[in-house]
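Student: So here's protein23.pdb (PDB, C-alpha atoms).
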ATOM      1  CA  GLY B 753      -7.256  -2.450 -13.965  1.00  0.00           C
ATOM      2  CA  TYR B 754      -4.255  -4.695 -13.678  1.00  0.00           C
ATOM      3  CA  THR B 755      -2.364  -3.279 -16.635  1.00  0.00           C
ATOM      4  CA  ASN B 756      -0.064  -0.410 -17.512  1.00  0.00           C
ATOM      5  CA  TYR B 757      -1.695   2.809 -18.653  1.00  0.00           C
ATOM      6  CA  PRO B 758      -0.111   5.970 -20.026  1.00  0.00           C
ATOM      7  CA  ASP B 759       0.427   8.615 -17.339  1.00  0.00           C
ATOM      8  CA  ASN B 760      -2.064  11.021 -18.913  1.00  0.00           C
ATOM      9  CA  ALA B 761      -4.754   8.312 -18.887  1.00  0.00           C
ATOM     10  CA  VAL B 762      -4.209   7.714 -15.159  1.00  0.00           C
ATOM     11  CA  PHE B 763      -4.536  11.438 -14.414  1.00  0.00           C
ATOM     12  CA  LYS B 764      -7.625  11.765 -16.624  1.00  0.00           C
ATOM     13  CA  PHE B 765      -9.295   8.716 -15.084  1.00  0.00           C
ATOM     14  CA  CYS B 766      -8.778  10.051 -11.560  1.00  0.00           C
ATOM     15  CA  ASP B 767     -10.101  13.468 -12.538  1.00  0.00           C
ATOM     16  CA  VAL B 768     -13.247  12.061 -14.167  1.00  0.00           C
ATOM     17  CA  ALA B 769     -13.802   9.564 -11.346  1.00  0.00           C
ATOM     18  CA  VAL B 770     -13.614  12.243  -8.634  1.00  0.00           C
ATOM     19  CA  ARG B 771     -15.965  14.524 -10.574  1.00  0.00           C
ATOM     20  CA  ASN B 772     -18.420  11.613 -10.756  1.00  0.00           C
ATOM     21  CA  GLY B 773     -18.405  10.843  -7.038  1.00  0.00           C
ATOM     22  CA  MET B 774     -15.516   8.473  -6.372  1.00  0.00           C
ATOM     23  CA  ASP B 775     -13.687   9.341  -3.155  1.00  0.00           C
ATOM     24  CA  VAL B 776     -11.106   6.717  -2.173  1.00  0.00           C
ATOM     25  CA  PHE B 777      -8.509   5.320  -4.568  1.00  0.00           C
ATOM     26  CA  ARG B 778      -6.276   2.403  -3.610  1.00  0.00           C
ATOM     27  CA  VAL B 779      -2.888   2.878  -5.249  1.00  0.00           C
ATOM     28  CA  PHE B 780      -0.557  -0.123  -5.358  1.00  0.00           C
ATOM     29  CA  ASP B 781       2.281  -1.683  -7.245  1.00  0.00           C
ATOM     30  CA  SER B 782       2.746  -5.432  -6.942  1.00  0.00           C
ATOM     31  CA  LEU B 783       6.506  -4.961  -6.533  1.00  0.00           C
ATOM     32  CA  ASN B 784       6.200  -1.934  -4.203  1.00  0.00           C
ATOM     33  CA  TYR B 785       8.076   0.160  -6.771  1.00  0.00           C
ATOM     34  CA  MET B 786       7.917   3.657  -5.355  1.00  0.00           C
ATOM     35  CA  ASP B 787       8.057   5.500  -8.706  1.00  0.00           C
ATOM     36  CA  ASN B 788       4.923   3.683  -9.854  1.00  0.00           C
ATOM     37  CA  LEU B 789       3.208   4.363  -6.539  1.00  0.00           C
ATOM     38  CA  LYS B 790       4.094   8.058  -6.755  1.00  0.00           C
ATOM     39  CA  LEU B 791       2.433   8.402 -10.152  1.00  0.00           C
ATOM     40  CA  GLY B 792      -0.860   7.035  -8.857  1.00  0.00           C
ATOM     41  CA  ILE B 793      -0.639   9.078  -5.667  1.00  0.00           C
ATOM     42  CA  ASP B 794       0.051  12.225  -7.683  1.00  0.00           C
ATOM     43  CA  ALA B 795      -2.889  11.533 -10.004  1.00  0.00           C
ATOM     44  CA  VAL B 796      -5.332  10.955  -7.155  1.00  0.00           C
ATOM     45  CA  GLY B 797      -4.039  13.985  -5.280  1.00  0.00           C
ATOM     46  CA  ALA B 798      -4.327  16.226  -8.326  1.00  0.00           C
ATOM     47  CA  ALA B 799      -7.946  15.146  -8.722  1.00  0.00           C
ATOM     48  CA  GLY B 800      -8.746  15.793  -5.051  1.00  0.00           C
ATOM     49  CA  GLY B 801      -9.300  12.164  -4.086  1.00  0.00           C
ATOM     50  CA  VAL B 802      -8.415  10.266  -0.929  1.00  0.00           C
ATOM     51  CA  VAL B 803      -5.195   8.290  -1.390  1.00  0.00           C
ATOM     52  CA  GLU B 804      -5.066   4.811   0.110  1.00  0.00           C
ATOM     53  CA  ALA B 805      -1.532   3.657  -0.652  1.00  0.00           C
ATOM     54  CA  ALA B 806      -1.072  -0.083  -0.480  1.00  0.00           C
ATOM     55  CA  ILE B 807       2.024  -2.022   0.420  1.00  0.00           C
ATOM     56  CA  SER B 808       1.993  -5.438  -1.221  1.00  0.00           C
ATOM     57  CA  TYR B 809       2.851  -7.989   1.470  1.00  0.00           C
ATOM     58  CA  THR B 810       4.979 -11.024   0.723  1.00  0.00           C
ATOM     59  CA  GLY B 811       7.283 -13.303   2.654  1.00  0.00           C
ATOM     60  CA  ASP B 812       6.901 -13.868   6.385  1.00  0.00           C
ATOM     61  CA  ILE B 813       8.206 -11.248   8.798  1.00  0.00           C
ATOM     62  CA  SER B 814       7.695 -13.673  11.688  1.00  0.00           C
ATOM     63  CA  ASP B 815      10.304 -16.057  10.262  1.00  0.00           C
ATOM     64  CA  PRO B 816      13.804 -14.926  11.344  1.00  0.00           C
ATOM     65  CA  SER B 817      15.426 -16.945   8.531  1.00  0.00           C
ATOM     66  CA  LYS B 818      13.809 -14.652   5.960  1.00  0.00           C
ATOM     67  CA  SER B 819      15.980 -11.628   5.268  1.00  0.00           C
ATOM     68  CA  LYS B 820      14.537  -9.772   2.263  1.00  0.00           C
ATOM     69  CA  TYR B 821      10.999  -8.787   3.277  1.00  0.00           C
ATOM     70  CA  THR B 822      11.534  -7.909   6.919  1.00  0.00           C
ATOM     71  CA  LEU B 823       9.676  -5.686   9.321  1.00  0.00           C
ATOM     72  CA  ASP B 824      12.249  -2.975   8.588  1.00  0.00           C
ATOM     73  CA  TYR B 825      11.547  -3.298   4.844  1.00  0.00           C
ATOM     74  CA  TYR B 826       7.843  -2.656   5.392  1.00  0.00           C
ATOM     75  CA  LEU B 827       8.394   0.150   7.899  1.00  0.00           C
ATOM     76  CA  GLU B 828      10.772   1.954   5.558  1.00  0.00           C
ATOM     77  CA  LEU B 829       8.308   1.679   2.683  1.00  0.00           C
ATOM     78  CA  ALA B 830       5.523   2.964   4.944  1.00  0.00           C
ATOM     79  CA  ARG B 831       7.719   5.931   5.926  1.00  0.00           C
ATOM     80  CA  GLU B 832       8.298   6.779   2.271  1.00  0.00           C
ATOM     81  CA  LEU B 833       4.562   6.642   1.577  1.00  0.00           C
ATOM     82  CA  VAL B 834       3.628   8.695   4.631  1.00  0.00           C
ATOM     83  CA  ASN B 835       6.238  11.284   3.682  1.00  0.00           C
ATOM     84  CA  TYR B 836       4.559  11.425   0.276  1.00  0.00           C
ATOM     85  CA  ASN B 837       1.352  12.612   1.983  1.00  0.00           C
ATOM     86  CA  ILE B 838      -0.968   9.650   1.678  1.00  0.00           C
ATOM     87  CA  HIS B 839      -4.253   9.590   3.594  1.00  0.00           C
ATOM     88  CA  VAL B 840      -4.624   5.862   4.382  1.00  0.00           C
ATOM     89  CA  LEU B 841      -2.102   3.004   4.466  1.00  0.00           C
ATOM     90  CA  CYS B 842      -3.163  -0.414   3.250  1.00  0.00           C
ATOM     91  CA  ILE B 843      -1.369  -3.707   3.753  1.00  0.00           C
ATOM     92  CA  LYS B 844      -2.394  -5.682   0.680  1.00  0.00           C
ATOM     93  CA  ASP B 845      -1.953  -9.427   1.147  1.00  0.00           C
ATOM     94  CA  MET B 846      -2.920 -10.783  -2.253  1.00  0.00           C
ATOM     95  CA  ALA B 847      -1.577 -14.294  -1.627  1.00  0.00           C
ATOM     96  CA  GLY B 848      -2.934 -14.931   1.867  1.00  0.00           C
ATOM     97  CA  LEU B 849       0.591 -15.000   3.335  1.00  0.00           C
ATOM     98  CA  LEU B 850       0.010 -12.624   6.246  1.00  0.00           C
ATOM     99  CA  LYS B 851      -0.337 -14.977   9.191  1.00  0.00           C
ATOM    100  CA  PRO B 852      -1.732 -13.755  12.535  1.00  0.00           C
ATOM    101  CA  THR B 853       1.635 -13.410  14.311  1.00  0.00           C
ATOM    102  CA  ALA B 854       3.143 -11.462  11.411  1.00  0.00           C
ATOM    103  CA  ALA B 855       0.015  -9.312  11.104  1.00  0.00           C
ATOM    104  CA  HIS B 856       0.139  -8.443  14.796  1.00  0.00           C
ATOM    105  CA  THR B 857       3.841  -7.575  14.594  1.00  0.00           C
ATOM    106  CA  LEU B 858       3.465  -5.474  11.442  1.00  0.00           C
ATOM    107  CA  ILE B 859       0.327  -3.580  12.387  1.00  0.00           C
ATOM    108  CA  SER B 860       1.575  -2.951  15.928  1.00  0.00           C
ATOM    109  CA  ALA B 861       4.819  -1.485  14.603  1.00  0.00           C
ATOM    110  CA  LEU B 862       2.974   0.663  12.049  1.00  0.00           C
ATOM    111  CA  ARG B 863       0.482   1.855  14.656  1.00  0.00           C
ATOM    112  CA  LYS B 864       3.319   2.752  17.054  1.00  0.00           C
ATOM    113  CA  GLU B 865       5.119   4.802  14.394  1.00  0.00           C
ATOM    114  CA  PHE B 866       2.003   6.319  12.787  1.00  0.00           C
ATOM    115  CA  PRO B 867      -0.612   6.551  15.561  1.00  0.00           C
ATOM    116  CA  GLN B 868      -2.979   8.840  13.629  1.00  0.00           C
ATOM    117  CA  LEU B 869      -2.778   7.158  10.225  1.00  0.00           C
ATOM    118  CA  PRO B 870      -5.735   4.974   9.218  1.00  0.00           C
ATOM    119  CA  ILE B 871      -4.501   1.453   8.417  1.00  0.00           C
ATOM    120  CA  HIS B 872      -6.461  -1.007   6.305  1.00  0.00           C
ATOM    121  CA  VAL B 873      -5.519  -4.680   6.037  1.00  0.00           C
ATOM    122  CA  HIS B 874      -6.720  -6.306   2.828  1.00  0.00           C
ATOM    123  CA  THR B 875      -6.183 -10.050   2.622  1.00  0.00           C
ATOM    124  CA  HIS B 876      -7.166 -12.849   0.316  1.00  0.00           C
ATOM    125  CA  ASP B 877      -7.687 -15.627   2.829  1.00  0.00           C
ATOM    126  CA  THR B 878      -6.878 -18.462   0.435  1.00  0.00           C
ATOM    127  CA  ALA B 879      -4.858 -20.358   3.048  1.00  0.00           C
ATOM    128  CA  GLY B 880      -7.422 -19.979   5.831  1.00  0.00           C
ATOM    129  CA  THR B 881      -5.049 -18.116   8.122  1.00  0.00           C
ATOM    130  CA  GLY B 882      -6.477 -14.592   7.759  1.00  0.00           C
TER     131      GLY B 882
END
Written as structure tokens, that's how I'd like the structure from this file.
Tutor:
Amino acid sequence: GYTNYPDNAVFKFCDVAVRNGMDVFRVFDSLNYMDNLKLGIDAVGAAGGVVEAAISYTGDISDPSKSKYTLDYYLELARELVNYNIHVLCIKDMAGLLKPTAAHTLISALRKEFPQLPIHVHTHDTAGTG
């Protein structure tokens, strides 16, 4: 759900879900706040599930005038997640902002740095560019 839950409820949900057959859990925070991501990753890991950590994509890494959400921003966040022992990395494009050139640049850079890590691109193609 798209709401805040107490930590113990997150851990309990993951435990019950794994015991009832759920395997893969996508963990994300809309602001890419690592402390929130870590809680979900810890809960899934404690339950024995597969952690798909999602990076919420925003901005446009193919536009050199943009300086906040750059390729380096996304690579550093991916490094933090990989170092936290995730199983799958997801690029979560909820607003349909990930244009083909940016997607190619981002996924190529991630693949080069993490050649064995499964990468999943999730996009809402509202703009018709996905």
Student: Could you list the residues chosen by the PyMOL selection byres ((chain B and resi 876) around 8) in this structure as a CSV table (one decimal) with C-alpha atoms, in the coordinates of the input?
Tutor:
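Okay, this is what ended up in part.csv:
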chain,number,residue,atom,x,y,z
B,845,ASP,CA,-2.0,-9.4,1.1
B,846,MET,CA,-2.9,-10.8,-2.3
B,847,ALA,CA,-1.6,-14.3,-1.6
B,848,GLY,CA,-2.9,-14.9,1.9
B,874,HIS,CA,-6.7,-6.3,2.8
B,875,THR,CA,-6.2,-10.0,2.6
B,877,ASP,CA,-7.7,-15.6,2.8
B,878,THR,CA,-6.9,-18.5,0.4
B,882,GLY,CA,-6.5,-14.6,7.8
Student: Could you check which of B:Ser782, B:Ala861, B:Ala769, B:Gly800 is closest to B:Ile813, using all atoms listed in the file?
Tutor: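 Selected residue with least distance to B:Ile813: B:Ala861.
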Student: Written as a VMD selection string, what is the full residue list that the PyMOL selection byres ((chain B and resi 787-795) around 8) yields on the file shown?
Tutor: chain B and resid 759 762 to 763 766 to 767 779 to 781 784 to 786 796 to 799 803 805 836 838
Student: Would you mind reading off the distance between atom CA of B:Gly801 and atom CA of B:Met774, one decimal, in Å?
Tutor: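 Straight-line distance from atom CA of B:Gly801 to atom CA of B:Met774 works out to 7.6 Å.
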Student: With only C-alpha atoms as the counted atoms, please give the residues lying no more than 12 Å from stretch 851-857 of chain B, apart from itself and same-chain residues fewer than 4 positions off, as an MDAnalysis selection string.
Tutor: chainID B and resid 809:816 821:824 826:827 843:845 847 861:864 871:882
Student: If I take atom CA of B:Asn837 and atom CA of B:Pro758, how far is one from the other in Å, to one decimal?
Tutor: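 Separating atom CA of B:Asn837 from atom CA of B:Pro758 is a distance of 23.0 Å.
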Student: Using only C-alpha atoms for the distances, tell me which of B:Gln868, B:Ser860, B:Ser817, B:Ser808 is nearest to B:Val834.
Tutor: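 Once distances to B:Val834 are computed over only C-alpha atoms, the minimum belongs to B:Gln868.
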Student: To one decimal place, how far is atom CA of B:Arg831 from atom CA of B:Lys764 in Å?
Tutor: 27.9 Å
Student: Find the residues with any atom within 6 Å of (-7.0, 2.8, 2.2); use all atoms listed in the file and the coordinates as given in the file, and write the answer as number ranges by chain.
Tutor: B: 778, 804, 840-842, 872
Student: Starting from 4 Å padding per side, set up an axis-aligned box that covers all listed atoms of stretch 770-788 of chain B and hand over centre and edge lengths in Å, one decimal, as AutoDock Vina command-line options.
Tutor:
--center_x -5.2 --center_y 4.5 --center_z -6.5 --size_x 34.5 --size_y 28.0 --size_z 16.6
Student: Closest to B:Ala806 among B:Phe777, B:Ile859, B:Pro867, B:Tyr825, using all atoms listed in the file?
Tutor: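 Among the listed residues, B:Phe777 lies closest to B:Ala806.
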Student: From the list B:Val770, B:Asp775, B:Asn760, B:Leu858, which residue is nearest B:Ile807 when using all atoms listed in the file?
Tutor: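 Of all the options, B:Leu858 lies closest to B:Ile807.
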